[in-house]
>>> print(open('coords-v2.pdb').read())   # PDB, C-alpha atoms and all ligand atoms
ATOM      1  CA  MET A   1      26.580 180.846 121.016
ATOM      2  CA  ILE A   2      25.871 180.028 124.649
ATOM      3  CA  ILE A   3      24.860 176.536 125.748
ATOM      4  CA  HIS A   4      22.805 176.307 128.937
ATOM      5  CA  PHE A   5      22.320 173.094 130.861
ATOM      6  CA  HIS A   6      18.730 172.048 131.548
ATOM      7  CA  PRO A   7      17.879 169.062 133.745
ATOM      8  CA  GLY A   8      16.063 166.235 131.974
ATOM      9  CA  LYS A   9      12.785 166.762 133.760
ATOM     10  CA  LEU A  10      12.623 170.277 132.283
ATOM     11  CA  GLY A  11      13.004 169.040 128.702
ATOM     12  CA  ALA A  12       9.308 169.120 127.904
ATOM     13  CA  LYS A  13       9.701 170.183 124.305
ATOM     14  CA  PRO A  14      12.149 167.413 123.229
ATOM     15  CA  ASP A  15      10.149 164.847 125.164
ATOM     16  CA  SER A  16       7.036 165.724 123.247
ATOM     17  CA  LEU A  17       8.845 164.711 120.031
ATOM     18  CA  THR A  18      11.045 161.780 121.138
ATOM     19  CA  ARG A  19       8.914 160.165 123.832
ATOM     20  CA  ARG A  20       5.554 159.916 122.109
ATOM     21  CA  TRP A  21       3.249 157.605 124.077
ATOM     22  CA  ASP A  22       1.849 156.087 120.872
ATOM     23  CA  VAL A  23       5.299 155.222 119.443
ATOM     24  CA  TYR A  24       7.309 154.295 122.559
ATOM     25  CA  PRO A  25       4.882 153.072 125.214
ATOM     26  CA  LYS A  26       6.388 152.222 128.567
ATOM     27  CA  GLU A  27       5.096 148.673 128.720
ATOM     28  CA  GLY A  28       7.694 147.076 126.447
ATOM     29  CA  ASP A  29       8.367 145.677 122.978
ATOM     30  CA  LYS A  30       5.123 143.761 122.615
ATOM     31  CA  ASP A  31       3.036 146.866 123.070
ATOM     32  CA  TYR A  32       5.270 148.761 120.698
ATOM     33  CA  ALA A  33       4.498 146.163 118.050
ATOM     34  CA  GLN A  34       0.795 146.392 118.709
ATOM     35  CA  VAL A  35       0.821 150.160 118.394
ATOM     36  CA  ASN A  36       2.995 150.139 115.235
ATOM     37  CA  PRO A  37       2.055 147.044 113.209
ATOM     38  CA  HIS A  38       3.293 148.652 109.960
ATOM     39  CA  ASN A  39       6.889 148.403 111.234
ATOM     40  CA  PHE A  40       6.710 144.615 111.496
ATOM     41  CA  ARG A  41       6.642 142.071 108.714
ATOM     42  CA  PRO A  42       7.956 138.489 108.516
ATOM     43  CA  VAL A  43      11.461 137.970 107.076
ATOM     44  CA  PHE A  44      10.284 135.083 104.861
ATOM     45  CA  THR A  45       6.917 134.770 103.175
ATOM     46  CA  SER A  46       4.903 131.603 103.673
ATOM     47  CA  GLU A  47       5.640 130.600 100.038
ATOM     48  CA  GLN A  48       9.398 130.904 100.628
ATOM     49  CA  LEU A  49       9.157 128.821 103.791
ATOM     50  CA  ALA A  50       7.189 126.117 101.959
ATOM     51  CA  LEU A  51       9.753 126.014  99.145
ATOM     52  CA  SER A  52      12.640 125.837 101.624
ATOM     53  CA  LEU A  53      10.994 122.949 103.465
ATOM     54  CA  ARG A  54      10.395 121.070 100.226
ATOM     55  CA  ALA A  55      14.001 121.622  99.149
ATOM     56  CA  SER A  56      15.442 120.401 102.444
ATOM     57  CA  THR A  57      13.244 117.281 102.609
ATOM     58  CA  LEU A  58      13.709 116.320  98.965
ATOM     59  CA  ALA A  59      17.399 117.159  98.642
ATOM     60  CA  PHE A  60      18.769 113.929 100.104
ATOM     61  CA  PRO A  61      16.490 111.474  98.217
ATOM     62  CA  VAL A  62      17.238 113.291  94.930
ATOM     63  CA  LEU A  63      20.995 113.260  95.524
ATOM     64  CA  HIS A  64      20.917 109.652  96.714
ATOM     65  CA  THR A  65      19.047 108.628  93.552
ATOM     66  CA  ALA A  66      21.549 110.581  91.443
ATOM     67  CA  VAL A  67      24.426 108.607  93.023
ATOM     68  CA  LEU A  68      22.689 105.286  92.381
ATOM     69  CA  MET A  69      22.043 106.245  88.755
ATOM     70  CA  ASP A  70      25.674 107.352  88.320
ATOM     71  CA  VAL A  71      26.985 104.075  89.778
ATOM     72  CA  GLU A  72      24.582 102.022  87.647
ATOM     73  CA  GLN A  73      25.723 103.782  84.468
ATOM     74  CA  LEU A  74      29.366 103.428  85.529
ATOM     75  CA  HIS A  75      28.995  99.674  85.990
ATOM     76  CA  LYS A  76      27.356  99.355  82.577
ATOM     77  CA  ASP A  77      30.269 101.264  81.004
ATOM     78  CA  ILE A  78      32.826  99.076  82.820
ATOM     79  CA  LEU A  79      31.160  95.903  81.549
ATOM     80  CA  SER A  80      31.049  97.152  77.956
ATOM     81  CA  ALA A  81      34.699  98.358  78.076
ATOM     82  CA  LEU A  82      36.174  95.148  79.553
ATOM     83  CA  PRO A  83      36.474  93.129  76.277
ATOM     84  CA  ASN A  84      38.407  95.980  74.592
ATOM     85  CA  ASP A  85      40.841  96.470  77.490
ATOM     86  CA  PRO A  86      44.159  94.556  77.078
ATOM     87  CA  ILE A  87      44.439  93.624  80.763
ATOM     88  CA  GLY A  88      40.710  92.937  81.109
ATOM     89  CA  SER A  89      40.404  90.658  78.066
ATOM     90  CA  THR A  90      43.576  88.680  78.956
ATOM     91  CA  ARG A  91      42.685  88.177  82.613
ATOM     92  CA  MET A  92      39.067  87.237  81.841
ATOM     93  CA  SER A  93      40.020  84.529  79.376
ATOM     94  CA  ASP A  94      42.979  83.224  81.350
ATOM     95  CA  PRO A  95      43.115  84.294  85.030
ATOM     96  CA  PRO A  96      46.776  83.970  86.070
ATOM     97  CA  ASP A  97      46.122  83.255  89.764
ATOM     98  CA  ASN A  98      43.477  83.270  92.466
ATOM     99  CA  ARG A  99      43.636  87.056  92.813
ATOM    100  CA  TRP A 100      41.774  87.485  89.506
ATOM    101  CA  THR A 101      38.186  86.245  89.313
ATOM    102  CA  VAL A 102      35.092  86.855  87.201
ATOM    103  CA  ASP A 103      31.720  87.121  88.969
ATOM    104  CA  ASN A 104      28.257  86.155  87.699
ATOM    105  CA  SER A 105      27.535  89.698  86.456
ATOM    106  CA  GLY A 106      30.648  89.637  84.272
ATOM    107  CA  PHE A 107      32.839  91.976  86.323
ATOM    108  CA  LEU A 108      36.540  91.188  86.525
ATOM    109  CA  HIS A 109      37.731  91.279  90.136
ATOM    110  CA  CYS A 110      41.257  91.659  91.491
ATOM    111  CA  ASP A 111      41.534  90.983  95.223
ATOM    112  CA  ASN A 112      37.712  91.187  95.402
ATOM    113  CA  ARG A 113      37.705  94.692  93.882
ATOM    114  CA  ILE A 114      36.153  95.543  90.518
ATOM    115  CA  TYR A 115      38.831  96.117  87.872
ATOM    116  CA  VAL A 116      38.221  99.435  86.024
ATOM    117  CA  PRO A 117      39.502  99.458  82.397
ATOM    118  CA  GLU A 118      41.444 102.423  81.060
ATOM    119  CA  SER A 119      38.954 103.702  78.489
ATOM    120  CA  ASN A 120      36.258 106.383  78.169
ATOM    121  CA  ASP A 121      37.614 108.133  81.295
ATOM    122  CA  LEU A 122      36.047 105.394  83.462
ATOM    123  CA  ARG A 123      38.730 105.753  86.134
ATOM    124  CA  LEU A 124      38.091 109.493  86.178
ATOM    125  CA  HIS A 125      34.365 108.863  86.661
ATOM    126  CA  VAL A 126      35.078 106.596  89.632
ATOM    127  CA  LEU A 127      37.251 109.304  91.117
ATOM    128  CA  ARG A 128      34.668 112.033  90.551
ATOM    129  CA  ASN A 129      31.923 109.936  92.144
ATOM    130  CA  THR A 130      34.063 109.446  95.232
ATOM    131  CA  HIS A 131      35.762 112.825  95.555
ATOM    132  CA  ASP A 132      33.723 115.545  93.787
ATOM    133  CA  HIS A 133      30.169 114.302  94.117
ATOM    134  CA  PRO A 134      27.789 116.536  96.156
ATOM    135  CA  LEU A 135      27.427 113.705  98.660
ATOM    136  CA  SER A 136      31.211 113.325  98.948
ATOM    137  CA  GLY A 137      33.243 115.677 101.015
ATOM    138  CA  HIS A 138      36.410 116.305  98.979
ATOM    139  CA  PHE A 139      38.267 113.848 101.172
ATOM    140  CA  SER A 140      42.056 113.795 101.476
ATOM    141  CA  GLN A 141      44.320 111.770  99.190
ATOM    142  CA  ASN A 142      44.478 108.798 101.539
ATOM    143  CA  CYS A 143      40.745 108.842 102.378
ATOM    144  CA  THR A 144      39.748 109.068  98.699
ATOM    145  CA  LEU A 145      42.113 106.210  97.871
ATOM    146  CA  GLU A 146      40.730 104.105 100.714
ATOM    147  CA  LEU A 147      37.111 104.758  99.631
ATOM    148  CA  ILE A 148      37.843 103.836  96.013
ATOM    149  CA  ARG A 149      39.775 100.701  96.998
ATOM    150  CA  CYS A 150      36.767  99.470  98.975
ATOM    151  CA  GLU A 151      35.206  98.594  95.636
ATOM    152  CA  TYR A 152      37.452  99.367  92.651
ATOM    153  CA  THR A 153      41.053  98.919  91.555
ATOM    154  CA  TRP A 154      43.366  99.407  88.584
ATOM    155  CA  PRO A 155      47.161  99.514  88.083
ATOM    156  CA  GLY A 156      48.781 102.726  89.356
ATOM    157  CA  ILE A 157      45.687 103.702  91.363
ATOM    158  CA  CYS A 158      47.723 105.392  94.154
ATOM    159  CA  THR A 159      49.511 107.831  91.828
ATOM    160  CA  TYR A 160      46.316 108.444  89.848
ATOM    161  CA  VAL A 161      44.291 109.375  92.938
ATOM    162  CA  LYS A 162      47.059 111.474  94.492
ATOM    163  CA  ASP A 163      47.604 113.456  91.291
ATOM    164  CA  TYR A 164      43.871 114.040  90.941
ATOM    165  CA  VAL A 165      43.321 115.228  94.536
ATOM    166  CA  LYS A 166      46.454 117.391  94.342
ATOM    167  CA  SER A 167      45.034 119.140  91.268
ATOM    168  CA  CYS A 168      41.507 119.613  92.708
ATOM    169  CA  THR A 169      40.850 123.377  92.779
ATOM    170  CA  THR A 170      38.147 123.104  95.466
ATOM    171  CA  CYS A 171      40.562 121.332  97.809
ATOM    172  CA  ALA A 172      43.317 123.835  96.992
ATOM    173  CA  ARG A 173      41.055 126.771  97.878
ATOM    174  CA  ALA A 174      39.946 125.222 101.171
ATOM    175  CA  LYS A 175      43.398 123.979 102.183
ATOM    176  CA  VAL A 176      44.913 125.591 105.248
ATOM    177  CA  LEU A 177      48.244 127.310 104.538
ATOM    178  CA  ARG A 178      51.048 125.670 106.485
ATOM    179  CA  HIS A 179      53.912 127.956 105.531
ATOM    180  CA  LYS A 180      54.990 131.306 106.928
ATOM    181  CA  PRO A 181      53.177 134.309 105.412
ATOM    182  CA  PHE A 182      54.860 135.593 102.279
ATOM    183  CA  GLU A 183      56.823 138.815 102.604
ATOM    184  CA  LEU A 184      56.566 141.769 100.264
ATOM    185  CA  LEU A 185      58.518 141.572  97.040
ATOM    186  CA  LYS A 186      61.852 143.336  97.160
ATOM    187  CA  GLN A 187      62.983 145.160  94.071
ATOM    188  CA  LEU A 188      66.446 144.372  92.751
ATOM    189  CA  PRO A 189      68.869 147.295  92.988
ATOM    190  CA  ILE A 190      68.870 149.439  89.825
ATOM    191  CA  PRO A 191      72.319 149.394  88.129
ATOM    192  CA  GLU A 192      74.050 152.785  88.026
ATOM    193  CA  ARG A 193      75.134 152.500  84.407
ATOM    194  CA  PRO A 194      74.685 150.150  81.408
ATOM    195  CA  TRP A 195      76.634 146.855  81.586
ATOM    196  CA  ASN A 196      77.206 147.347  85.306
ATOM    197  CA  SER A 197      75.060 144.281  85.990
ATOM    198  CA  ILE A 198      74.596 141.478  83.468
ATOM    199  CA  SER A 199      72.866 138.089  83.302
ATOM    200  CA  MET A 200      73.684 135.064  81.166
ATOM    201  CA  ASP A 201      71.850 131.949  80.005
ATOM    202  CA  PHE A 202      72.311 129.130  77.492
ATOM    203  CA  ILE A 203      69.902 127.990  74.773
ATOM    204  CA  GLU A 204      71.099 124.408  74.330
ATOM    205  CA  GLN A 205      70.581 121.290  72.228
ATOM    206  CA  LEU A 206      69.819 123.186  69.028
ATOM    207  CA  PRO A 207      70.229 121.623  65.544
ATOM    208  CA  ASP A 208      73.805 121.748  64.329
ATOM    209  CA  SER A 209      74.571 125.016  62.502
ATOM    210  CA  SER A 210      78.164 125.494  61.290
ATOM    211  CA  SER A 211      79.181 123.073  64.076
ATOM    212  CA  TYR A 212      77.492 125.259  66.725
ATOM    213  CA  THR A 213      74.737 123.664  68.854
ATOM    214  CA  ALA A 214      74.060 126.285  71.545
ATOM    215  CA  ILE A 215      73.644 130.038  72.017
ATOM    216  CA  LEU A 216      75.071 131.984  74.923
ATOM    217  CA  VAL A 217      72.711 134.887  75.735
ATOM    218  CA  ILE A 218      74.142 137.775  77.747
ATOM    219  CA  ILE A 219      71.769 140.588  78.774
ATOM    220  CA  ASP A 220      72.465 143.986  80.333
ATOM    221  CA  CYS A 221      70.084 144.365  83.286
ATOM    222  CA  LEU A 222      69.656 148.141  82.842
ATOM    223  CA  SER A 223      69.225 148.640  79.082
ATOM    224  CA  LYS A 224      68.102 145.040  78.311
ATOM    225  CA  GLN A 225      70.565 145.026  75.414
ATOM    226  CA  ALA A 226      71.337 141.410  74.488
ATOM    227  CA  ILE A 227      74.338 139.690  72.942
ATOM    228  CA  PHE A 228      73.838 136.293  71.272
ATOM    229  CA  ILE A 229      77.047 134.250  70.925
ATOM    230  CA  PRO A 230      77.121 130.903  69.057
ATOM    231  CA  THR A 231      78.770 128.156  71.073
ATOM    232  CA  HIS A 232      78.584 124.416  71.861
ATOM    233  CA  ASP A 233      76.681 122.238  74.332
ATOM    234  CA  THR A 234      80.021 120.989  75.679
ATOM    235  CA  ILE A 235      81.367 124.465  76.478
ATOM    236  CA  THR A 236      83.993 124.587  79.258
ATOM    237  CA  SER A 237      84.634 127.305  81.854
ATOM    238  CA  PRO A 238      87.877 128.566  80.249
ATOM    239  CA  TYR A 239      86.166 128.791  76.859
ATOM    240  CA  LEU A 240      83.209 130.642  78.453
ATOM    241  CA  ALA A 241      85.645 133.121  80.033
ATOM    242  CA  ARG A 242      87.210 133.661  76.597
ATOM    243  CA  LEU A 243      83.783 134.392  75.107
ATOM    244  CA  PHE A 244      83.126 136.953  77.853
ATOM    245  CA  LEU A 245      86.494 138.626  77.239
ATOM    246  CA  LEU A 246      85.946 138.704  73.495
ATOM    247  CA  HIS A 247      82.276 139.754  73.289
ATOM    248  CA  VAL A 248      81.486 141.628  76.516
ATOM    249  CA  PHE A 249      84.465 142.922  78.484
ATOM    250  CA  SER A 250      86.321 144.169  75.413
ATOM    251  CA  LYS A 251      83.337 146.302  74.372
ATOM    252  CA  HIS A 252      81.598 147.306  77.616
ATOM    253  CA  GLY A 253      84.218 146.860  80.325
ATOM    254  CA  ILE A 254      84.097 144.623  83.405
ATOM    255  CA  PRO A 255      80.893 144.877  85.516
ATOM    256  CA  LEU A 256      81.555 146.464  88.919
TER     257      LEU A 256
HETATM  258 ZN    ZN B   1      38.692 118.165  96.108
END
>>> encode(input="coords-v2.pdb", output="structure tokens", more="lines below")
Ligand SMILES: [Zn+2]
Amino acid sequence: MIIHFHPGKLGAKPDSLTRRWDVYPKEGDKDYAQVNPHNFRPVFTSEQLALSLRASTLAFPVLHTAVLMDVEQLHKDILSALPNDPIGSTRMSDPPDNRWTVDNSGFLHCDNRIYVPESNDLRLHVLRNTHDHPLSGHFSQNCTLELIRCEYTWPGICTYVKDYVKSCTTCARAKVLRHKPFELLKQLPIPERPWNSISMDFIEQLPDSSSYTAILVIIDCLSKQAIFIPTHDTITSPYLARLFLLHVFSKHGIPL
């Protein structure tokens, strides 16, 4: 096959196919659209745009109302749970100092914060409203604690909030990794023969059986053969060495 070069101006036949005046006019994109209206259509239909607009304008009022309803229900639950709570009932009937007060609505306050009883997962609801709610932003441990302590309190609130935020899966997925990238797993060397490499472990604090309270488990890393030796929780190093001599080295030799 021979390929001959032809200057562009002589390419009349390709031009007639690729440079059609009705498809690619010289005047620009606008004219192209006018000539080929079937190639153009809007990305979103007018119905989709209307729905999107409605969703964006109504989203905030709906969410805001949802928060208010959640808080209202939470306060009702707190009021109904207070008489059955040991701390709540004691402090309400006999406030020990000025830190504890009862307001006109019946809420028990500690340092001007509403006391949340430990019943019906009320503390969990407070936490969810502050941390997980669509209008909240999965704040950090300290921020969540600060937001809750603006209004609510209960004993051990710091640990409770920190444990909850630490266990939040959404936060864990979004958290930036601050350690070095993990390396590939390295396989342990394969032993050349059985009982060349062994591992040992104790099963301890078992019920007394013929004066034995523990089991020494010795496993061959190649064949996975196991030896179970009865022993005691108070086993000493010399006695352990004796067990090895008696049950392992005498039968399988010393590992190399
Ligand atoms: Zn979170």
>>> closest_atom_pairs(input="coords-v2.pdb", of="chain A", to="ligand ZN 1 (chain B)", cutoff="9 Å", atoms="all atoms listed in the file", output="CSV")
residue,atom,partner,partner_atom,distance
A:His131,CA,B:ZN1,ZN,6.1
A:Asp132,CA,B:ZN1,ZN,6.1
A:Gly137,CA,B:ZN1,ZN,7.7
A:His138,CA,B:ZN1,ZN,4.1
A:Phe139,CA,B:ZN1,ZN,6.7
A:Ser140,CA,B:ZN1,ZN,7.7
A:Tyr164,CA,B:ZN1,ZN,8.4
A:Val165,CA,B:ZN1,ZN,5.7
A:Lys166,CA,B:ZN1,ZN,8.0
A:Ser167,CA,B:ZN1,ZN,8.0
A:Cys168,CA,B:ZN1,ZN,4.6
A:Thr169,CA,B:ZN1,ZN,6.6
A:Thr170,CA,B:ZN1,ZN,5.0
A:Cys171,CA,B:ZN1,ZN,4.1
A:Ala172,CA,B:ZN1,ZN,7.4
A:Ala174,CA,B:ZN1,ZN,8.8
>>> atom_distance(input="coords-v2.pdb", atom1="atom CA of A:Val248", atom2="atom CA of A:Pro207")
25.4 Å
>>> resolve_selection(input="coords-v2.pdb", expression="the PyMOL selection byres (((chain A and resi 126) around 9) and not hetatm)", output="MDAnalysis selection string")
chainID A and resid 71 74 116 121:125 127:131 148 152
>>> resolve_selection(input="coords-v2.pdb", expression="the PyMOL selection byres (((chain A and resi 195) around 12) and not hetatm)", output="list of chain:residue names")
A:Ile190, A:Pro191, A:Glu192, A:Arg193, A:Pro194, A:Asn196, A:Ser197, A:Ile198, A:Ser199, A:Ile218, A:Ile219, A:Asp220, A:Cys221, A:Leu222, A:Ser223, A:Lys224, A:Gln225, A:Ala226, A:Ile227, A:Val248, A:Phe249, A:Ser250, A:Lys251, A:His252, A:Gly253, A:Ile254, A:Pro255, A:Leu256
>>> atom_distance(input="coords-v2.pdb", atom1="atom CA of A:Leu108", atom2="atom CA of A:Lys162")
24.2 Å
>>> closest_residue(input="coords-v2.pdb", among="A:Phe182, A:His109, A:Ile229, A:Glu72", to="A:Asp201", atoms="only C-alpha atoms")
A:Ile229
>>> resolve_selection(input="coords-v2.pdb", expression="the PyMOL selection byres (((chain A and resi 106) around 12) and not hetatm)", output="number ranges by chain")
A: 75-76, 78-83, 88-89, 92-93, 101-105, 107-109, 114-115
>>> atom_distance(input="coords-v2.pdb", atom1="atom CA of A:Val217", atom2="atom CA of A:Thr231")
10.2 Å
>>> closest_residue(input="coords-v2.pdb", among="A:Asp111, A:Asp77, A:Glu118, A:Asp233", to="A:Asp97", atoms="only C-alpha atoms")
A:Asp111
>>> closest_residue(input="coords-v2.pdb", among="A:Thr144, A:Gln73, A:Thr236, A:Ser119", to="A:Ile87", atoms="all atoms listed in the file")
A:Ser119
>>> closest_residue(input="coords-v2.pdb", among="A:Thr90, A:Ser136, A:Arg173, A:Asn142", to="A:Thr159", atoms="only C-alpha atoms")
A:Asn142
